[in-house]
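**Student:** The structure under discussion is supplied below as structure tokens; questions concerning it will follow.
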Amino acid sequence: MVIKVFLASSSGSTAIKKKQQDVVGFLEALKIDYAPLDIASNEDNRMWMRENVPGEKKPTNGIPLPPQIFNEEMYCGDYDTFFEAKEDNTVYEFLGLTPPPGSKEAQQAEKAQKLHNGSGTEEDLDDDTTRKVAEEEEQEEGEEDRVEDNHLVSEEEEELRELEEEEEQASEED
């Protein structure tokens, strides 16, 4: 399986360049083979990428920006979903690859499998899993947060929204 990373070699956006470097650097650090495919100098690459990014993953203008990541023909995701997988130690799963033995991801999968099969105990959980469970419980118990339009709004977001509204009202009064 070949991981295809669609990049723009001559992007004027520093944000896109940094995202591309982050993806490529991380894949190289993990020694994951990938094929960098330039969409700036190769029209076929650009058209293939645009046609194969699923509709629900395309931005409102319909043109997906690099980097876009595929495993052969299977769409893996864009930079944001790659970043989430990196933060969650699930990059191999994100890429549709089997994690190498001994990697954090392989250890997490092994522990999850033991717990799922009932052969493990809670003591088998590692610190990351314990932390995630605690964070989920804390979030559920969080009385400062509230649900608005089916998504969680944190106390900080609510304060920011109130400050913005106050600023708008003050500018309207002037």
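Chain lettering (A, B, ...) mirrors the order of the structure tokens, residue numbering begins at 1 for each chain separately, and ligand numbering begins at 1 in order of display.
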So that I can see what lies close to Phe94 (chain A), please list as number ranges by chain the residues with an atom at most 10 Å from it, counting only C-alpha atoms and leaving out residues fewer than 4 positions away in the same chain.
**Tutor:** A: 69-71, 75-77, 81-82, 84-86, 89-90
**Student:** Kindly indicate which residue among A:Gly102, A:Gly96, A:Pro36, A:Pro54 lies nearest to Pro67 (chain A), using only C-alpha atoms for the distances.
**Tutor:**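 Under the stated criterion, the closest residue is A:Pro36.
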**Student:** Skipping near chain neighbours, those fewer than 4 positions away, what residues fall within 12 Å of Asp38 (chain A) using only C-alpha atoms, listed as a ChimeraX atom specification?
**Tutor:** /A:4-11,20,42-49,66-68
**Student:** Go ahead and save the residues from that selection, with N, CA and C atoms, as a PDB file, in the first residue's frame.
**Tutor:**
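Okay, selection.pdb is ready:
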ATOM      1  N   LYS A   4      -0.410   8.262  -0.361  1.00  0.00           N
ATOM      2  CA  LYS A   4      -0.259   9.377  -1.293  1.00  0.00           C
ATOM      3  C   LYS A   4      -0.545  10.669  -0.547  1.00  0.00           C
ATOM      4  N   VAL A   5       0.400  11.586  -0.608  1.00  0.00           N
ATOM      5  CA  VAL A   5       0.222  12.889   0.023  1.00  0.00           C
ATOM      6  C   VAL A   5       0.238  13.931  -1.091  1.00  0.00           C
ATOM      7  N   PHE A   6      -0.918  14.564  -1.307  1.00  0.00           N
ATOM      8  CA  PHE A   6      -1.029  15.583  -2.340  1.00  0.00           C
ATOM      9  C   PHE A   6      -0.585  16.915  -1.754  1.00  0.00           C
ATOM     10  N   LEU A   7       0.436  17.503  -2.398  1.00  0.00           N
ATOM     11  CA  LEU A   7       1.081  18.728  -1.926  1.00  0.00           C
ATOM     12  C   LEU A   7       1.099  19.760  -3.039  1.00  0.00           C
ATOM     13  N   ALA A   8       1.298  21.009  -2.664  1.00  0.00           N
ATOM     14  CA  ALA A   8       1.491  22.081  -3.643  1.00  0.00           C
ATOM     15  C   ALA A   8       2.897  22.627  -3.457  1.00  0.00           C
ATOM     16  N   SER A   9       3.766  22.342  -4.433  1.00  0.00           N
ATOM     17  CA  SER A   9       5.169  22.745  -4.306  1.00  0.00           C
ATOM     18  C   SER A   9       5.343  24.255  -4.369  1.00  0.00           C
ATOM     19  N   SER A  10       4.416  24.946  -4.988  1.00  0.00           N
ATOM     20  CA  SER A  10       4.581  26.397  -5.125  1.00  0.00           C
ATOM     21  C   SER A  10       3.395  27.162  -4.535  1.00  0.00           C
ATOM     22  N   SER A  11       3.027  26.786  -3.338  1.00  0.00           N
ATOM     23  CA  SER A  11       1.929  27.480  -2.663  1.00  0.00           C
ATOM     24  C   SER A  11       2.413  28.810  -2.113  1.00  0.00           C
ATOM     25  N   GLN A  20       1.888  21.087   5.184  1.00  0.00           N
ATOM     26  CA  GLN A  20       2.520  20.073   4.340  1.00  0.00           C
ATOM     27  C   GLN A  20       3.802  19.552   4.980  1.00  0.00           C
ATOM     28  N   ASN A  42       1.437  19.402 -11.713  1.00  0.00           N
ATOM     29  CA  ASN A  42       0.894  18.245 -12.429  1.00  0.00           C
ATOM     30  C   ASN A  42      -0.631  18.305 -12.392  1.00  0.00           C
ATOM     31  N   GLU A  43      -1.217  18.652 -13.527  1.00  0.00           N
ATOM     32  CA  GLU A  43      -2.674  18.793 -13.640  1.00  0.00           C
ATOM     33  C   GLU A  43      -3.395  17.477 -13.355  1.00  0.00           C
ATOM     34  N   ASP A  44      -2.813  16.345 -13.750  1.00  0.00           N
ATOM     35  CA  ASP A  44      -3.441  15.039 -13.498  1.00  0.00           C
ATOM     36  C   ASP A  44      -3.558  14.775 -11.995  1.00  0.00           C
ATOM     37  N   ASN A  45      -2.501  15.095 -11.249  1.00  0.00           N
ATOM     38  CA  ASN A  45      -2.547  14.934  -9.793  1.00  0.00           C
ATOM     39  C   ASN A  45      -3.633  15.820  -9.188  1.00  0.00           C
ATOM     40  N   ARG A  46      -3.693  17.067  -9.639  1.00  0.00           N
ATOM     41  CA  ARG A  46      -4.678  18.008  -9.108  1.00  0.00           C
ATOM     42  C   ARG A  46      -6.103  17.514  -9.381  1.00  0.00           C
ATOM     43  N   MET A  47      -6.360  17.071 -10.612  1.00  0.00           N
ATOM     44  CA  MET A  47      -7.704  16.604 -10.962  1.00  0.00           C
ATOM     45  C   MET A  47      -8.054  15.331 -10.189  1.00  0.00           C
ATOM     46  N   TRP A  48      -7.097  14.396 -10.069  1.00  0.00           N
ATOM     47  CA  TRP A  48      -7.368  13.149  -9.338  1.00  0.00           C
ATOM     48  C   TRP A  48      -7.718  13.459  -7.886  1.00  0.00           C
ATOM     49  N   MET A  49      -6.930  14.331  -7.270  1.00  0.00           N
ATOM     50  CA  MET A  49      -7.188  14.682  -5.870  1.00  0.00           C
ATOM     51  C   MET A  49      -8.569  15.301  -5.723  1.00  0.00           C
ATOM     52  N   PRO A  66      -4.373  21.393  -0.248  1.00  0.00           N
ATOM     53  CA  PRO A  66      -3.380  20.437   0.241  1.00  0.00           C
ATOM     54  C   PRO A  66      -2.993  20.764   1.669  1.00  0.00           C
ATOM     55  N   PRO A  67      -2.481  19.828   2.401  1.00  0.00           N
ATOM     56  CA  PRO A  67      -2.256  18.442   2.003  1.00  0.00           C
ATOM     57  C   PRO A  67      -3.524  17.591   2.148  1.00  0.00           C
ATOM     58  N   GLN A  68      -3.690  16.670   1.210  1.00  0.00           N
ATOM     59  CA  GLN A  68      -4.757  15.669   1.250  1.00  0.00           C
ATOM     60  C   GLN A  68      -4.052  14.322   1.239  1.00  0.00           C
TER      61      GLN A  68
END
**Student:** Rank A:Val53, A:Ala29, A:Val91, A:Ala170 by their smallest atom-to-atom distance to Asp78 (chain A), using only C-alpha atoms, and report the top residue only.
**Tutor:**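 Using only C-alpha atoms, Asp78 (chain A) sits closest to A:Val53.
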**Student:** Considering only C-alpha atoms, return as a VMD selection string whatever protein or nucleic-acid residues lie within 12 Å of Pro99 (chain A), sequence-local ones (same chain, fewer than 6 positions apart) excluded.
**Tutor:** chain A and resid 30 to 32 89 to 93 105 to 110
**Student:** Take the residues from that selection and put them in a file with N, CA, C and O atoms, as a JSON list (two decimals), in the first residue's frame.
**Tutor:**
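Output file out.json is given in full below:
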[["chain", "number", "residue", "atom", "x", "y", "z"],
["A", 30, "LEU", "N", 8.26, 8.59, 11.33],
["A", 30, "LEU", "CA", 7.74, 7.24, 11.62],
["A", 30, "LEU", "C", 8.22, 6.21, 10.60],
["A", 30, "LEU", "O", 7.86, 5.04, 10.70],
["A", 31, "LYS", "N", 9.00, 6.69, 9.61],
["A", 31, "LYS", "CA", 9.51, 5.81, 8.55],
["A", 31, "LYS", "C", 8.38, 5.14, 7.77],
["A", 31, "LYS", "O", 8.44, 3.96, 7.43],
["A", 32, "ILE", "N", 7.32, 5.92, 7.51],
["A", 32, "ILE", "CA", 6.20, 5.45, 6.71],
["A", 32, "ILE", "C", 6.46, 5.86, 5.27],
["A", 32, "ILE", "O", 6.68, 7.04, 4.98],
["A", 89, "ASN", "N", -2.58, 9.55, 18.92],
["A", 89, "ASN", "CA", -1.73, 8.38, 18.67],
["A", 89, "ASN", "C", -2.47, 7.31, 17.86],
["A", 89, "ASN", "O", -2.41, 6.12, 18.16],
["A", 90, "THR", "N", -3.18, 7.75, 16.80],
["A", 90, "THR", "CA", -3.90, 6.82, 15.94],
["A", 90, "THR", "C", -3.54, 7.04, 14.46],
["A", 90, "THR", "O", -4.37, 6.83, 13.58],
["A", 91, "VAL", "N", -2.32, 7.47, 14.20],
["A", 91, "VAL", "CA", -1.91, 7.78, 12.83],
["A", 91, "VAL", "C", -1.98, 6.54, 11.94],
["A", 91, "VAL", "O", -2.44, 6.61, 10.80],
["A", 92, "TYR", "N", -1.53, 5.40, 12.45],
["A", 92, "TYR", "CA", -1.56, 4.18, 11.63],
["A", 92, "TYR", "C", -2.99, 3.81, 11.28],
["A", 92, "TYR", "O", -3.28, 3.44, 10.14],
["A", 93, "GLU", "N", -3.89, 3.92, 12.24],
["A", 93, "GLU", "CA", -5.31, 3.64, 11.98],
["A", 93, "GLU", "C", -5.84, 4.64, 10.95],
["A", 93, "GLU", "O", -6.54, 4.27, 10.02],
["A", 105, "GLU", "N", 0.59, 3.02, 19.45],
["A", 105, "GLU", "CA", -0.70, 2.67, 18.85],
["A", 105, "GLU", "C", -0.96, 1.17, 18.92],
["A", 105, "GLU", "O", -2.08, 0.74, 19.21],
["A", 106, "ALA", "N", 0.06, 0.37, 18.69],
["A", 106, "ALA", "CA", -0.09, -1.09, 18.79],
["A", 106, "ALA", "C", -0.39, -1.50, 20.23],
["A", 106, "ALA", "O", -1.22, -2.38, 20.47],
["A", 107, "GLN", "N", 0.27, -0.86, 21.18],
["A", 107, "GLN", "CA", 0.03, -1.17, 22.59],
["A", 107, "GLN", "C", -1.39, -0.78, 23.00],
["A", 107, "GLN", "O", -2.06, -1.53, 23.71],
["A", 108, "GLN", "N", -1.85, 0.38, 22.52],
["A", 108, "GLN", "CA", -3.22, 0.80, 22.83],
["A", 108, "GLN", "C", -4.23, -0.17, 22.23],
["A", 108, "GLN", "O", -5.21, -0.53, 22.88],
["A", 109, "ALA", "N", -3.99, -0.60, 21.00],
["A", 109, "ALA", "CA", -4.91, -1.54, 20.33],
["A", 109, "ALA", "C", -4.94, -2.87, 21.07],
["A", 109, "ALA", "O", -6.00, -3.48, 21.24],
["A", 110, "GLU", "N", -3.77, -3.32, 21.53],
["A", 110, "GLU", "CA", -3.68, -4.59, 22.26],
["A", 110, "GLU", "C", -4.46, -4.50, 23.58],
["A", 110, "GLU", "O", -5.22, -5.41, 23.92]]
**Student:** Which one of A:Leu65, A:Leu27, A:Leu160, A:Met1 sits closest to Ser13 (chain A) if you count only C-alpha atoms?
**Tutor:** A:Leu65
**Student:** Select, from A:Glu72, A:Pro64, A:Val2, A:Tyr79, the residue with the minimum atom-to-atom distance to Tyr34 (chain A), counting only C-alpha atoms.
**Tutor:**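 Ranking A:Glu72, A:Pro64, A:Val2, A:Tyr79 by distance to Tyr34 (chain A), first place goes to A:Val2.
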**Student:** Using only C-alpha atoms for the distances, tell me which of A:Ile39, A:Arg50, A:Pro101, A:Lys114 is nearest to Gly62 (chain A).
**Tutor:**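 So, comparing all the options, the nearest one is A:Arg50.
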